[in-house]
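Participant: So here's query_9.tsv, just TSV, C-alpha atoms and all ligand atoms:
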chain	number	residue	atom	x	y	z
G	1	MET	CA	10.59	-30.54	-26.76
G	2	PRO	CA	7.29	-28.73	-27.35
G	3	VAL	CA	4.83	-29.59	-30.09
G	4	ASP	CA	5.66	-27.62	-33.23
G	5	VAL	CA	3.03	-26.81	-35.89
G	6	ARG	CA	4.12	-26.49	-39.54
G	7	THR	CA	1.81	-25.32	-42.33
G	8	CYS	CA	2.59	-26.70	-45.80
G	9	GLN	CA	1.42	-24.84	-48.90
G	10	THR	CA	1.42	-27.97	-51.07
G	11	MET	CA	0.45	-31.58	-50.52
G	12	ALA	CA	3.88	-32.68	-51.81
G	13	GLU	CA	5.60	-30.63	-49.09
G	14	ALA	CA	3.35	-32.15	-46.40
G	15	ALA	CA	3.89	-35.67	-47.75
G	16	SER	CA	7.65	-35.14	-47.73
G	17	MET	CA	7.59	-33.86	-44.15
G	18	LEU	CA	5.52	-36.84	-42.98
G	19	SER	CA	7.74	-39.41	-44.65
G	20	GLY	CA	10.98	-37.71	-43.57
G	21	ASP	CA	10.24	-37.05	-39.90
G	22	ARG	CA	9.22	-39.86	-37.54
G	23	THR	CA	7.78	-37.36	-35.06
G	24	ALA	CA	5.51	-35.71	-37.66
G	25	THR	CA	1.72	-36.20	-37.44
G	26	LEU	CA	-0.76	-34.87	-39.94
G	27	LEU	CA	-3.25	-32.46	-38.37
G	28	ALA	CA	-6.41	-32.50	-40.50
G	29	GLY	CA	-9.61	-31.47	-38.68
G	30	GLY	CA	-7.79	-32.20	-35.42
G	31	THR	CA	-10.83	-33.67	-33.64
G	32	LEU	CA	-8.71	-36.67	-32.61
G	33	VAL	CA	-5.19	-35.24	-32.83
G	34	MET	CA	-5.96	-32.21	-30.64
G	35	ARG	CA	-7.58	-34.47	-28.08
G	36	ASP	CA	-4.29	-36.40	-27.97
G	37	VAL	CA	-2.40	-33.13	-27.52
G	38	ASN	CA	-4.75	-31.80	-24.86
G	39	GLU	CA	-4.76	-35.08	-22.95
G	40	GLY	CA	-0.95	-35.45	-23.05
G	41	ARG	CA	-0.64	-38.38	-25.45
G	42	ILE	CA	1.20	-36.18	-27.96
G	43	THR	CA	3.78	-34.10	-26.09
G	44	ASP	CA	6.39	-33.40	-28.76
G	45	GLY	CA	7.06	-33.63	-32.50
G	46	THR	CA	5.59	-31.75	-35.44
G	47	LEU	CA	1.94	-31.33	-36.34
G	48	VAL	CA	1.70	-30.87	-40.11
G	49	ARG	CA	-1.12	-28.75	-41.55
G	50	VAL	CA	-2.00	-28.68	-45.28
G	51	ALA	CA	-3.03	-25.32	-46.77
G	52	ASP	CA	-3.20	-26.63	-50.36
G	53	PRO	CA	-6.75	-25.92	-51.71
G	54	ALA	CA	-6.61	-29.26	-53.60
G	55	PHE	CA	-6.67	-31.02	-50.22
G	56	ARG	CA	-10.31	-29.89	-49.83
G	57	LEU	CA	-11.39	-30.14	-53.45
G	58	VAL	CA	-14.77	-31.79	-54.12
G	59	SER	CA	-15.16	-32.99	-57.69
G	60	THR	CA	-18.59	-34.42	-58.53
G	61	GLY	CA	-18.77	-33.57	-62.22
G	62	GLY	CA	-18.41	-36.94	-63.96
G	63	GLY	CA	-19.25	-40.56	-63.33
G	64	ARG	CA	-16.42	-40.73	-60.84
G	65	ILE	CA	-16.50	-38.62	-57.71
G	66	GLU	CA	-13.28	-37.43	-56.07
G	67	LEU	CA	-13.10	-35.88	-52.63
G	68	GLY	CA	-9.94	-34.29	-51.26
G	69	ALA	CA	-8.96	-35.93	-47.98
G	70	GLY	CA	-9.43	-32.58	-46.22
G	71	THR	CA	-13.13	-32.47	-47.13
G	72	THR	CA	-15.12	-32.06	-43.93
G	73	MET	CA	-18.36	-33.79	-43.00
G	74	ALA	CA	-20.04	-30.35	-43.12
G	75	MET	CA	-18.84	-29.90	-46.73
G	76	VAL	CA	-20.31	-33.30	-47.65
G	77	LEU	CA	-23.60	-32.24	-46.07
G	78	ALA	CA	-23.56	-28.96	-48.01
G	79	SER	CA	-23.37	-30.76	-51.37
G	80	GLN	CA	-26.58	-31.94	-53.02
G	81	GLU	CA	-24.43	-34.01	-55.40
G	82	LEU	CA	-23.36	-36.06	-52.38
G	83	VAL	CA	-26.84	-36.57	-50.94
G	84	PHE	CA	-26.33	-40.36	-50.79
G	85	LEU	CA	-23.49	-39.74	-48.29
G	86	HIS	CA	-25.49	-37.40	-46.05
G	87	PRO	CA	-26.72	-40.11	-43.63
G	88	ALA	CA	-23.11	-41.23	-43.04
G	89	ALA	CA	-21.78	-37.65	-42.67
G	90	ARG	CA	-24.64	-36.75	-40.32
G	91	ALA	CA	-23.73	-39.73	-38.12
G	92	ILE	CA	-20.37	-38.18	-37.16
G	93	GLY	CA	-20.61	-36.41	-33.77
G	94	GLY	CA	-22.48	-33.10	-33.45
G	95	PRO	CA	-22.33	-29.98	-35.67
G	96	ALA	CA	-19.08	-28.66	-34.16
G	97	VAL	CA	-17.28	-31.96	-34.78
G	98	ARG	CA	-18.72	-32.22	-38.32
G	99	SER	CA	-17.45	-28.74	-39.21
G	100	ALA	CA	-13.85	-29.87	-38.54
G	101	ALA	CA	-13.82	-33.67	-38.96
G	102	THR	CA	-12.43	-34.72	-42.34
G	103	ILE	CA	-13.03	-37.79	-44.45
G	104	GLY	CA	-9.26	-38.42	-44.47
G	105	GLY	CA	-9.11	-38.39	-40.68
G	106	ASN	CA	-12.06	-40.78	-40.55
G	107	LEU	CA	-9.98	-43.38	-42.42
G	108	PHE	CA	-7.59	-43.43	-39.46
G	109	ALA	CA	-10.14	-43.22	-36.62
G	110	GLU	CA	-10.03	-46.34	-34.50
G	111	ALA	CA	-13.15	-48.45	-33.94
G	112	PRO	CA	-15.81	-47.77	-32.80
G	113	TYR	CA	-15.17	-44.51	-34.71
G	114	GLY	CA	-14.84	-44.55	-38.51
G	115	ASP	CA	-18.52	-44.45	-39.52
G	116	PHE	CA	-18.01	-42.46	-42.74
G	117	THR	CA	-15.35	-44.92	-43.89
G	118	VAL	CA	-17.98	-47.68	-43.74
G	119	ALA	CA	-20.00	-45.90	-46.41
G	120	LEU	CA	-16.86	-45.37	-48.53
G	121	LEU	CA	-16.07	-49.08	-48.25
G	122	ALA	CA	-19.53	-50.02	-49.53
G	123	LEU	CA	-18.89	-47.65	-52.45
G	124	GLU	CA	-15.64	-49.55	-53.16
G	125	ALA	CA	-13.65	-46.33	-52.85
G	126	GLN	CA	-10.04	-45.93	-53.91
G	127	VAL	CA	-7.59	-44.05	-51.68
G	128	THR	CA	-4.81	-41.89	-53.15
G	129	VAL	CA	-1.69	-41.80	-51.00
G	130	GLN	CA	1.35	-39.62	-51.57
G	131	ALA	CA	4.76	-40.39	-50.09
G	132	GLY	CA	7.29	-37.57	-50.32
G	133	TYR	CA	7.57	-35.49	-53.50
G	134	GLY	CA	6.84	-38.52	-55.72
G	135	GLY	CA	3.46	-38.96	-57.39
G	136	GLY	CA	0.34	-40.38	-55.75
G	137	ARG	CA	-0.50	-44.09	-55.59
G	138	THR	CA	-4.07	-45.34	-55.62
G	139	THR	CA	-5.12	-48.31	-53.48
G	140	PRO	CA	-8.52	-49.94	-52.91
G	141	LEU	CA	-9.85	-48.76	-49.53
G	142	GLU	CA	-10.20	-52.35	-48.33
G	143	GLU	CA	-6.44	-52.92	-48.83
G	144	PHE	CA	-5.60	-49.53	-47.37
G	145	LEU	CA	-7.51	-50.37	-44.17
G	146	ALA	CA	-5.92	-53.81	-43.89
G	147	ALA	CA	-2.45	-52.20	-44.12
G	148	ARG	CA	-3.29	-49.11	-42.06
G	149	GLU	CA	-1.44	-50.10	-38.92
G	150	ARG	CA	1.77	-51.00	-40.74
G	151	GLY	CA	4.55	-48.71	-41.93
G	152	ARG	CA	5.17	-44.96	-41.72
G	153	GLN	CA	2.47	-42.36	-41.95
G	154	GLN	CA	1.81	-41.28	-45.52
G	155	LEU	CA	-0.40	-38.47	-46.70
G	156	VAL	CA	-3.81	-39.49	-47.99
G	157	THR	CA	-4.62	-36.84	-50.57
G	158	ALA	CA	-8.02	-37.97	-51.89
G	159	VAL	CA	-10.71	-40.63	-52.02
G	160	SER	CA	-12.62	-41.51	-55.19
G	161	PHE	CA	-15.49	-43.80	-56.15
G	162	ALA	CA	-17.97	-44.41	-58.95
G	163	ARG	CA	-21.21	-42.45	-58.66
G	164	PRO	CA	-23.86	-44.83	-57.27
G	165	GLN	CA	-26.56	-46.13	-59.62
G	166	SER	CA	-29.09	-43.99	-57.72
G	167	ALA	CA	-29.05	-42.02	-54.46
G	168	GLY	CA	-31.27	-44.70	-52.88
G	169	ALA	CA	-28.86	-47.50	-53.81
G	170	LEU	CA	-26.67	-46.67	-50.81
G	171	ARG	CA	-28.21	-47.33	-47.40
G	172	PHE	CA	-26.54	-46.45	-44.11
G	173	CYS	CA	-27.48	-47.09	-40.50
G	174	LYS	CA	-25.71	-46.49	-37.23
G	175	ALA	CA	-26.80	-48.10	-33.97
G	176	SER	CA	-25.84	-46.13	-30.87
G	177	ARG	CA	-27.07	-45.96	-27.31
G	178	VAL	CA	-27.20	-42.15	-27.15
G	179	ARG	CA	-29.14	-40.22	-29.75
G	180	PRO	CA	-28.61	-38.21	-31.86
G	181	LYS	CA	-24.81	-38.22	-31.57
G	182	GLY	CA	-23.65	-41.27	-29.65
G	183	ILE	CA	-20.66	-43.41	-30.56
G	184	SER	CA	-21.40	-46.50	-32.66
G	185	VAL	CA	-22.43	-49.83	-31.26
G	186	LEU	CA	-22.06	-50.67	-34.94
G	187	SER	CA	-22.69	-49.14	-38.34
G	188	ILE	CA	-23.69	-50.75	-41.62
G	189	ALA	CA	-23.57	-49.46	-45.18
G	190	ALA	CA	-25.20	-51.36	-48.01
G	191	TYR	CA	-24.81	-50.57	-51.70
G	192	LEU	CA	-27.66	-52.42	-53.38
G	193	PRO	CA	-27.87	-51.77	-57.12
G	194	MET	CA	-30.79	-53.62	-58.71
G	195	SER	CA	-31.17	-55.12	-62.16
G	196	GLY	CA	-34.47	-56.64	-63.28
G	197	GLY	CA	-35.75	-56.60	-59.69
G	198	ARG	CA	-32.72	-58.53	-58.41
G	199	VAL	CA	-29.64	-57.44	-56.48
G	200	ALA	CA	-26.71	-57.04	-58.88
G	201	GLY	CA	-23.34	-56.20	-57.32
G	202	ALA	CA	-24.20	-55.86	-53.62
G	203	ARG	CA	-21.50	-54.41	-51.36
G	204	ILE	CA	-22.05	-54.50	-47.62
G	205	ALA	CA	-19.68	-52.95	-45.07
G	206	TYR	CA	-19.63	-52.90	-41.26
G	207	GLY	CA	-18.11	-50.50	-38.75
G	208	ALA	CA	-17.16	-51.40	-35.14
G	209	MET	CA	-17.42	-55.11	-35.99
G	210	ALA	CA	-13.60	-55.50	-36.38
G	211	PRO	CA	-10.52	-53.30	-35.72
G	212	THR	CA	-11.22	-51.49	-39.02
G	213	ALA	CA	-14.29	-51.24	-41.26
G	214	ILE	CA	-14.77	-54.53	-43.13
G	215	ARG	CA	-16.77	-55.93	-46.05
G	216	ALA	CA	-19.42	-58.55	-45.23
G	217	LYS	CA	-18.64	-60.93	-48.09
G	218	GLY	CA	-20.95	-63.71	-46.83
G	219	VAL	CA	-23.90	-61.33	-46.83
G	220	GLU	CA	-22.99	-60.07	-50.30
G	221	ARG	CA	-23.03	-63.66	-51.62
G	222	ALA	CA	-26.39	-64.33	-49.95
G	223	LEU	CA	-27.92	-61.29	-51.67
G	224	GLU	CA	-26.38	-61.58	-55.11
G	225	GLY	CA	-28.84	-62.26	-57.93
G	226	ARG	CA	-31.79	-62.53	-55.52
G	227	MET	CA	-34.93	-60.48	-55.05
G	228	LEU	CA	-34.77	-58.53	-51.80
G	229	ASP	CA	-37.62	-60.51	-50.21
G	230	ALA	CA	-38.09	-62.03	-46.75
G	231	ALA	CA	-36.32	-65.30	-47.64
G	232	THR	CA	-33.25	-63.49	-49.00
G	233	ILE	CA	-33.11	-61.18	-46.00
G	234	GLU	CA	-33.28	-64.18	-43.65
G	235	ALA	CA	-30.45	-65.89	-45.59
G	236	ALA	CA	-28.38	-62.70	-45.23
G	237	ARG	CA	-29.12	-62.50	-41.48
G	238	GLN	CA	-27.89	-66.08	-41.02
G	239	VAL	CA	-24.41	-65.21	-42.31
G	240	ALA	CA	-24.26	-61.67	-40.92
G	241	GLY	CA	-21.51	-62.44	-38.37
G	242	GLU	CA	-19.10	-64.14	-40.79
G	243	GLY	CA	-15.60	-62.64	-40.57
G	244	THR	CA	-16.44	-60.21	-37.75
G	245	ARG	CA	-14.15	-59.58	-34.76
G	246	PRO	CA	-15.93	-56.97	-32.64
G	247	ALA	CA	-14.34	-55.56	-29.49
G	248	THR	CA	-15.73	-55.12	-26.02
G	249	ASP	CA	-15.46	-51.45	-25.08
G	250	ALA	CA	-17.26	-48.78	-23.06
G	251	ILE	CA	-20.08	-48.67	-25.63
G	252	ALA	CA	-20.95	-52.38	-25.99
G	253	SER	CA	-19.64	-55.87	-25.39
G	254	GLU	CA	-18.47	-58.14	-28.17
G	255	TRP	CA	-21.45	-60.42	-27.37
G	256	TYR	CA	-23.94	-57.55	-27.68
G	257	ARG	CA	-22.51	-56.39	-31.01
G	258	ARG	CA	-22.77	-59.92	-32.42
G	259	GLU	CA	-26.36	-60.23	-31.13
G	260	VAL	CA	-27.68	-56.98	-32.59
G	261	LEU	CA	-25.84	-57.10	-35.93
G	262	PRO	CA	-28.35	-59.44	-37.70
G	263	VAL	CA	-31.24	-57.43	-36.27
G	264	HIS	CA	-30.02	-54.13	-37.72
G	265	LEU	CA	-28.91	-55.75	-40.97
G	266	GLY	CA	-32.32	-57.38	-41.45
G	267	ARG	CA	-34.16	-54.12	-40.74
G	268	MET	CA	-31.91	-52.20	-43.09
G	269	LEU	CA	-32.33	-54.65	-45.95
G	270	ALA	CA	-36.09	-54.55	-45.39
G	271	GLY	CA	-35.94	-50.76	-45.69
G	272	GLU	CA	-37.10	-50.27	-42.10
G	273	GLU	CA	-33.90	-48.69	-40.77
G	274	ARG	CA	-31.65	-46.02	-42.28
L	301	LIG	C1	-16.94	-35.45	-29.62
L	301	LIG	C2	-16.50	-36.36	-30.75
L	301	LIG	C3	-17.45	-37.15	-31.37
L	301	LIG	C4	-17.07	-37.99	-32.44
L	301	LIG	N1	-18.03	-38.77	-33.03
L	301	LIG	C5	-17.66	-39.58	-34.05
L	301	LIG	C6	-18.63	-40.40	-34.67
L	301	LIG	O1	-19.80	-40.42	-34.30
L	301	LIG	N2	-18.22	-41.21	-35.70
L	301	LIG	C7	-16.92	-41.23	-36.14
L	301	LIG	O2	-16.62	-41.95	-37.08
L	301	LIG	N3	-15.99	-40.45	-35.55
L	301	LIG	C8	-16.31	-39.63	-34.53
L	301	LIG	N4	-15.37	-38.85	-33.92
L	301	LIG	C9	-13.98	-39.00	-34.33
L	301	LIG	C10	-13.50	-37.99	-35.39
L	301	LIG	O3	-14.10	-36.74	-35.21
L	301	LIG	C11	-13.79	-38.43	-36.83
L	301	LIG	O4	-13.43	-39.79	-37.01
L	301	LIG	C12	-13.07	-37.54	-37.84
L	301	LIG	O5	-13.49	-37.89	-39.15
L	301	LIG	C13	-11.56	-37.56	-37.75
L	301	LIG	O6	-11.10	-36.61	-38.71
L	301	LIG	P1	-10.11	-35.38	-38.32
L	301	LIG	O7	-9.90	-34.63	-39.57
L	301	LIG	O8	-10.61	-34.61	-37.17
L	301	LIG	O9	-8.81	-36.22	-37.91
L	301	LIG	P2	-7.52	-35.70	-37.13
L	301	LIG	O10	-7.81	-35.66	-35.68
L	301	LIG	O11	-6.95	-34.48	-37.75
L	301	LIG	O12	-6.54	-36.94	-37.45
L	301	LIG	C14	-6.82	-38.23	-36.97
L	301	LIG	C15	-5.67	-39.17	-37.40
L	301	LIG	O13	-5.67	-39.34	-38.80
L	301	LIG	C16	-4.45	-38.88	-39.37
L	301	LIG	N5	-4.83	-38.23	-40.63
L	301	LIG	C17	-5.87	-37.37	-40.81
L	301	LIG	N6	-5.99	-37.04	-42.10
L	301	LIG	C18	-4.99	-37.68	-42.75
L	301	LIG	C19	-4.56	-37.70	-44.10
L	301	LIG	N7	-5.20	-37.00	-45.04
L	301	LIG	N8	-3.47	-38.45	-44.42
L	301	LIG	C20	-2.80	-39.16	-43.48
L	301	LIG	N9	-3.16	-39.17	-42.16
L	301	LIG	C21	-4.23	-38.43	-41.81
L	301	LIG	C22	-3.87	-37.94	-38.34
L	301	LIG	O14	-2.48	-37.80	-38.43
L	301	LIG	C23	-4.29	-38.62	-37.06
L	301	LIG	O15	-3.42	-39.69	-36.77
L	301	LIG	C24	-15.72	-38.01	-32.87
L	301	LIG	C25	-14.77	-37.19	-32.23
L	301	LIG	C26	-15.16	-36.38	-31.20
L	301	LIG	C27	-14.11	-35.51	-30.54
Hey, can you dump this file as structure tokens for me?
Facilitator:
Amino acid sequence: MPVDVRTCQTMAEAASMLSGDRTATLLAGGTLVMRDVNEGRITDGTLVRVADPAFRLVSTGGGRIELGAGTTMAMVLASQELVFLHPAARAIGGPAVRSAATIGGNLFAEAPYGDFTVALLALEAQVTVQAGYGGGRTTPLEEFLAARERGRQQLVTAVSFARPQSAGALRFCKASRVRPKGISVLSIAAYLPMSGGRVAGARIAYGAMAPTAIRAKGVERALEGRMLDAATIEAARQVAGEGTRPATDAIASEWYRREVLPVHLGRMLAGEER
């Protein structure tokens, strides 16, 4: 049976098709799905496209920002309201990939991909998922990632998060062996709001340090309520590896990832690496 492509005019129609047909796969930007088709990993079933304009809606008006799951990295880069996400969007492949790659697809990209999701995790984003014609359900991104491998494919319609305290409060770095567009050895996002010169509500996330993006809770505890000085940064470096389960792959070994993580974390916290 050949691969069939169906275009849905509404998100509800697409969600219903995904939940009702085991062979259905959502085709967003297609940077990963079309590779699977071209390389023979997907040989039959239905590719579901979403034509609903709401799927690509970018809403930055209020204190809460909502991005349709079909928003591309290029669209993020075109928005001055989303300037704090530009380093993460710019870290995804080259210009051709960024013009197609969506933020929704990035949530499903397997490590060491998934760099943009790391920034969303540090922003404590919520993911809206729609199953069938019923309404959407909102889940914290951390829970969504933990459950990602289980169950049937559901349509992610949007991602939302509170506007950061300031554009500079979100830091992002990606370590790769090939510049400017290599695959991640690891990536780190740090949301570091300050109050009275001390860190208040730090959220640190890693990419490529576990099967999905993860929060670095030990580091967050080490930073909380402290000034961001050399002693605090050293305390954070000491617990950098807590909870990590990096893989060995073509880009780096597990050992190498563990070795370089505290180095990049320390430089980022010191403001030397972005
Ligand atoms: C040359 C190249 C370089 C790359 N470099 C990077 C990089 O540096 N960093 C990085 O993170 N990634 C990279 N990628 C991977 C990929 O481009 C990105 O992760 C991208 O964000 C995936 O989005 P997409 O829209 O293309 O996903 P697609 O290929 O359309 O979909 C990927 C998977 O997600 C599912 N999916 C997509 N959207 C939804 C949704 N809304 N609801 C439910 N399921 C959905 C699809 O069904 C599929 O299983 C690269 C890819 C290529 C080909």
Participant: List as a Markdown table every residue of chain G that is in contact with ligand LIG 301 (chain L), defined as an atom at most 6 Å from one of its atoms (using all atoms listed in the file), together with the nearest atom pair and the distance in Å rounded to one decimal, sorted by chain and then rising number.
Facilitator:
| residue | atom | partner | partner_atom | distance |
| --- | --- | --- | --- | --- |
| G:Thr25 | CA | L:LIG301 | O14 | 4.6 |
| G:Leu26 | CA | L:LIG301 | O14 | 3.7 |
| G:Leu27 | CA | L:LIG301 | O11 | 4.3 |
| G:Ala28 | CA | L:LIG301 | O11 | 3.4 |
| G:Gly29 | CA | L:LIG301 | O7 | 3.3 |
| G:Gly30 | CA | L:LIG301 | O11 | 3.4 |
| G:Thr31 | CA | L:LIG301 | O8 | 3.7 |
| G:Leu32 | CA | L:LIG301 | O10 | 3.4 |
| G:Val33 | CA | L:LIG301 | O10 | 3.9 |
| G:Ala69 | CA | L:LIG301 | N7 | 4.9 |
| G:Ala91 | CA | L:LIG301 | O1 | 5.5 |
| G:Ile92 | CA | L:LIG301 | O1 | 3.7 |
| G:Gly93 | CA | L:LIG301 | N1 | 3.6 |
| G:Val97 | CA | L:LIG301 | O3 | 5.8 |
| G:Ala100 | CA | L:LIG301 | O8 | 5.9 |
| G:Ala101 | CA | L:LIG301 | O8 | 3.8 |
| G:Thr102 | CA | L:LIG301 | O7 | 3.8 |
| G:Ile103 | CA | L:LIG301 | O5 | 5.3 |
| G:Gly104 | CA | L:LIG301 | N6 | 4.3 |
| G:Gly105 | CA | L:LIG301 | O6 | 3.3 |
| G:Asn106 | CA | L:LIG301 | O5 | 3.5 |
| G:Phe108 | CA | L:LIG301 | O13 | 4.6 |
| G:Ala109 | CA | L:LIG301 | O4 | 4.8 |
| G:Tyr113 | CA | L:LIG301 | O2 | 3.8 |
| G:Gly114 | CA | L:LIG301 | O2 | 3.5 |
| G:Asp115 | CA | L:LIG301 | O2 | 4.0 |
| G:Phe116 | CA | L:LIG301 | O2 | 5.9 |
| G:Gln154 | CA | L:LIG301 | C20 | 5.5 |
| G:Leu155 | CA | L:LIG301 | N8 | 3.8 |
| G:Val156 | CA | L:LIG301 | N8 | 3.7 |
| G:Thr157 | CA | L:LIG301 | N7 | 5.6 |
| G:Ile183 | CA | L:LIG301 | O1 | 4.9 |
Participant: When you count only C-alpha atoms, which of these residues is closest to Gln238 (chain G): G:Ala74, G:Val263, G:Ala131, G:Ala189?
Facilitator: G:Val263
Participant: Which residue, G:Met11, G:Met209, G:Ala24, G:Val3, has the smallest gap to Ala158 (chain G) when you use only C-alpha atoms?
Facilitator: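 Using only C-alpha atoms, Ala158 (chain G) sits closest to G:Met11.
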Participant: Go through G:Val219, G:Ala89, G:Leu265, G:Gln165 and flag the residue nearest Pro193 (chain G), using only C-alpha atoms for the distances.
Facilitator: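 Closest to Pro193 (chain G), using only C-alpha atoms: G:Gln165.
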Participant: Gly266 (chain G): which residues within 12 Å, counting only C-alpha atoms, same-chain residues fewer than 4 positions away excluded, as a ChimeraX atom specification?
Facilitator: /G:173,188,190,219,223,228-240,260-262,270-274
Participant: Hey, what's within 12 Å of Ala250 (chain G) if we count all atoms listed in the file and toss same-chain stuff fewer than 5 positions away? As a ChimeraX atom specification, please?
Facilitator: /G:111-112,176-177,182-185,256
Participant: Nearest residue to Gln80 (chain G) out of G:Ala247, G:Leu170, G:Val58, G:Leu192, using all atoms listed in the file?
Facilitator: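 The closest residue to Gln80 (chain G) is G:Val58.
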Participant: Which is closest to Arg245 (chain G) among G:Val199, G:Met194, G:Met73, G:Leu186, if we use only C-alpha atoms?
Facilitator: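 Ranked by minimum distance to Arg245 (chain G), first place goes to G:Leu186.
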Participant: Take every atom of region 75-84 of chain G listed in the file, fit an axis-aligned box around them, add 8 Å per side, and give the centre and edge lengths in Å to one decimal as lines of an AutoDock Vina configuration file.
Facilitator:
center_x = -22.8
center_y = -34.7
center_z = -50.7
size_x = 24.0
size_y = 27.4
size_z = 25.3
Participant: Between G:Leu47, G:Ala15, G:Ile65, G:Ile204, which is the closest to Ala119 (chain G) once you count all atoms listed in the file?
Facilitator: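 Nearest candidate to Ala119 (chain G) out of G:Leu47, G:Ala15, G:Ile65, G:Ile204: G:Ile204.
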Participant: For Ala162 (chain G), find every residue with an atom within 7 Å (counting only C-alpha atoms), except residues of its own chain fewer than 2 positions away, and show them as JSON, numbers by chain.
Facilitator: {"G": [63, 64, 65, 164]}
Participant: Show which residues sit within 9 Å of Pro140 (chain G), as a list in words. Count all atoms listed in the file, and ignore same-chain residues fewer than 3 positions away.
Facilitator: Leu121, Glu124, Ala125, Gln126, Val127, Thr128, Glu143, Phe144 and Leu145 of chain G
Participant: Report as a list in words all protein, DNA and RNA residues lying within 10 Å of Ala14 (chain G), evaluated on only C-alpha atoms, omitting residues in the same chain fewer than 3 positions from it.
Facilitator: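 What passes the distance filter is Arg6, Thr7, Cys8, Gln9, Thr10, Met11, Met17, Leu18, Ser19, Gly20, Ala24, Thr25, Leu26, Val48, Arg49, Val50, Ala51, Asp52, Gln130, Ala131, Gly132, Tyr133, Gln154 and Leu155 of chain G.
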Participant: What gap, in Å, lies between CA of Gly135 (chain G) and CA of Gly68 (chain G)?
Facilitator: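 Interatomic distance, CA of Gly135 (chain G) to CA of Gly68 (chain G): 15.5 Å.
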Participant: Between CA of Leu120 (chain G) and CA of Ala252 (chain G), what is the distance, to one decimal in Å?
Facilitator: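 Taking CA of Leu120 (chain G) and CA of Ala252 (chain G), their separation equals 24.0 Å.
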Participant: Missing atoms in region 152-163 of chain G need filling: write out N, CA, C and O atoms for it as a PDB file, keeping the file's coordinate frame.
Facilitator:
ATOM      1  N   ARG G 152       5.125 -46.380 -42.101  1.00  0.00           N
ATOM      2  CA  ARG G 152       5.170 -44.960 -41.720  1.00  0.00           C
ATOM      3  C   ARG G 152       3.901 -44.257 -42.174  1.00  0.00           C
ATOM      4  O   ARG G 152       3.215 -44.711 -43.076  1.00  0.00           O
ATOM      5  N   GLN G 153       3.634 -43.120 -41.544  1.00  0.00           N
ATOM      6  CA  GLN G 153       2.470 -42.360 -41.950  1.00  0.00           C
ATOM      7  C   GLN G 153       2.704 -41.706 -43.316  1.00  0.00           C
ATOM      8  O   GLN G 153       3.739 -41.096 -43.555  1.00  0.00           O
ATOM      9  N   GLN G 154       1.757 -41.912 -44.211  1.00  0.00           N
ATOM     10  CA  GLN G 154       1.810 -41.280 -45.520  1.00  0.00           C
ATOM     11  C   GLN G 154       0.596 -40.383 -45.661  1.00  0.00           C
ATOM     12  O   GLN G 154      -0.412 -40.611 -45.001  1.00  0.00           O
ATOM     13  N   LEU G 155       0.712 -39.409 -46.539  1.00  0.00           N
ATOM     14  CA  LEU G 155      -0.400 -38.470 -46.700  1.00  0.00           C
ATOM     15  C   LEU G 155      -1.474 -39.059 -47.611  1.00  0.00           C
ATOM     16  O   LEU G 155      -1.185 -39.419 -48.753  1.00  0.00           O
ATOM     17  N   VAL G 156      -2.676 -39.158 -47.120  1.00  0.00           N
ATOM     18  CA  VAL G 156      -3.810 -39.490 -47.990  1.00  0.00           C
ATOM     19  C   VAL G 156      -4.253 -38.164 -48.597  1.00  0.00           C
ATOM     20  O   VAL G 156      -4.548 -37.205 -47.873  1.00  0.00           O
ATOM     21  N   THR G 157      -4.268 -38.113 -49.922  1.00  0.00           N
ATOM     22  CA  THR G 157      -4.620 -36.840 -50.570  1.00  0.00           C
ATOM     23  C   THR G 157      -6.085 -36.802 -51.004  1.00  0.00           C
ATOM     24  O   THR G 157      -6.702 -35.753 -51.045  1.00  0.00           O
ATOM     25  N   ALA G 158      -6.642 -37.965 -51.356  1.00  0.00           N
ATOM     26  CA  ALA G 158      -8.020 -37.970 -51.890  1.00  0.00           C
ATOM     27  C   ALA G 158      -8.633 -39.360 -51.808  1.00  0.00           C
ATOM     28  O   ALA G 158      -7.927 -40.365 -51.623  1.00  0.00           O
ATOM     29  N   VAL G 159      -9.948 -39.384 -51.960  1.00  0.00           N
ATOM     30  CA  VAL G 159     -10.710 -40.630 -52.020  1.00  0.00           C
ATOM     31  C   VAL G 159     -11.618 -40.505 -53.239  1.00  0.00           C
ATOM     32  O   VAL G 159     -12.170 -39.430 -53.495  1.00  0.00           O
ATOM     33  N   SER G 160     -11.740 -41.592 -54.014  1.00  0.00           N
ATOM     34  CA  SER G 160     -12.620 -41.510 -55.190  1.00  0.00           C
ATOM     35  C   SER G 160     -13.458 -42.779 -55.305  1.00  0.00           C
ATOM     36  O   SER G 160     -13.070 -43.842 -54.797  1.00  0.00           O
ATOM     37  N   PHE G 161     -14.590 -42.655 -55.968  1.00  0.00           N
ATOM     38  CA  PHE G 161     -15.490 -43.800 -56.150  1.00  0.00           C
ATOM     39  C   PHE G 161     -16.442 -43.500 -57.297  1.00  0.00           C
ATOM     40  O   PHE G 161     -16.644 -42.331 -57.674  1.00  0.00           O
ATOM     41  N   ALA G 162     -17.002 -44.587 -57.860  1.00  0.00           N
ATOM     42  CA  ALA G 162     -17.970 -44.410 -58.950  1.00  0.00           C
ATOM     43  C   ALA G 162     -19.275 -43.874 -58.365  1.00  0.00           C
ATOM     44  O   ALA G 162     -19.685 -44.308 -57.276  1.00  0.00           O
ATOM     45  N   ARG G 163     -19.907 -42.978 -59.105  1.00  0.00           N
ATOM     46  CA  ARG G 163     -21.210 -42.450 -58.660  1.00  0.00           C
ATOM     47  C   ARG G 163     -22.194 -43.611 -58.544  1.00  0.00           C
ATOM     48  O   ARG G 163     -22.280 -44.450 -59.446  1.00  0.00           O
TER      49      ARG G 163
END
